[in-house]
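Participant: Here it is, the structure, as structure tokens.
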Amino acid sequence: MGQYTKHVFVCTYGPWCQRDGDTEAIVKRLKRGVADAGLAGQVRINKGGCLNQCGHGPMVVIYPQDRWYAGVTPDDTDEIVALDLVGDQPVARLLYRAEPGDNKDLSRYPPEWVAEEQTKKGA
């Protein structure tokens with residue numbers, strides 16, 4: 001057994017997940033939910049780097065269960081805590097199913113946002 005029964009990562013890095021939703025609020029509410037459920041020290045919530053799933057976020061990943069959630073909102077966190085972190089059952093409506101690897105899809109963003117980010121990378 002590792003240090004934690006579950007380790008949760010919330011993508012907070014880069015421009016895209018943060019444009020999709022309030023990733024900081026998701027982290028805060030997950031941490032509060034874990035504490036309220038008496039799981040502090042058993043479940044770890046971390047801000048994560050890029051998960052290479054841009055365009056599907058905000059993303060939340062739970063290990064070792066290897067559960068990926070897409071389009072998560074702060075309001076979804078209570079359900080994630082209750083069903084997954086406490087009950088060890090997936091939140092079916094949020095499950096992200098994609099082939100392993102880089103599944104970035106920037107087509108859902110306005111072209112000017114994509115151009116702005118590409119300019120930043122080139123600078």
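By order in the structure tokens, chains are A, B, ...; within a chain, residues start at 1; ligands start at 1, following the order shown.
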Give me, as a Markdown table, the closest atom pair and its distance (Å, one decimal) for every residue of range 31-73 of chain A within a cut-off of 8 Å of range 85-108 of chain A, counting only C-alpha atoms, rows sorted by chain and rising number.
Facilitator:
| residue | atom | partner | partner_atom | distance |
| --- | --- | --- | --- | --- |
| A:Val34 | CA | A:Leu85 | CA | 7.8 |
| A:Ala37 | CA | A:Val86 | CA | 7.5 |
| A:Val43 | CA | A:Leu85 | CA | 7.6 |
| A:Asn52 | CA | A:Asp102 | CA | 5.0 |
| A:Gln53 | CA | A:Lys104 | CA | 4.6 |
| A:Cys54 | CA | A:Lys104 | CA | 4.5 |
| A:Gly55 | CA | A:Asp105 | CA | 4.9 |
| A:His56 | CA | A:Asp105 | CA | 7.4 |
| A:Arg67 | CA | A:Leu95 | CA | 7.2 |
| A:Trp68 | CA | A:Tyr96 | CA | 5.3 |
| A:Tyr69 | CA | A:Leu95 | CA | 4.6 |
| A:Ala70 | CA | A:Tyr96 | CA | 5.4 |
| A:Gly71 | CA | A:Leu94 | CA | 7.0 |
| A:Val72 | CA | A:Leu94 | CA | 7.0 |
Participant: Taking only C-alpha atoms into account, produce a table as a tab-separated table in which each residue of range 29-94 of chain A with an atom at most 7 Å from an atom of range 7-24 of chain A appears once, together with its shortest atom pair and the distance in Å to one decimal, ordered by chain and rising number.
Facilitator:
residue	atom	partner	partner_atom	distance
A:Val43	CA	A:His7	CA	5.8
A:Arg44	CA	A:His7	CA	4.8
A:Ile45	CA	A:Val8	CA	4.8
A:Asn46	CA	A:Phe9	CA	5.0
A:Lys47	CA	A:Val10	CA	5.0
A:Gly48	CA	A:Cys11	CA	4.7
A:Gly49	CA	A:Tyr13	CA	4.9
A:Cys50	CA	A:Tyr13	CA	5.4
A:Leu51	CA	A:Cys11	CA	6.5
A:Cys54	CA	A:Trp16	CA	5.9
A:Gly55	CA	A:Trp16	CA	6.7
A:Gly57	CA	A:Cys17	CA	5.0
A:Pro58	CA	A:Cys17	CA	4.6
A:Met59	CA	A:Cys11	CA	5.6
A:Val60	CA	A:Val10	CA	4.6
A:Val61	CA	A:Phe9	CA	5.2
A:Ile62	CA	A:Val8	CA	4.5
A:Tyr63	CA	A:His7	CA	5.1
A:Thr73	CA	A:Gly21	CA	6.6
Participant: Name the closest residue to Ala25 in chain A among the candidates A:Asp75, A:Gly38, A:Gln118, A:Tyr4; distances are taken between atoms, counting only C-alpha atoms.
Facilitator: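 That would be A:Asp75, the residue with the smallest distance to Ala25 in chain A.
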Participant: Give the strand (DSSP E) residues of range 19-49 of chain A, as DSSP finds them on the backbone, and put them as a VMD selection string.
Facilitator: chain A and resid 43 to 48
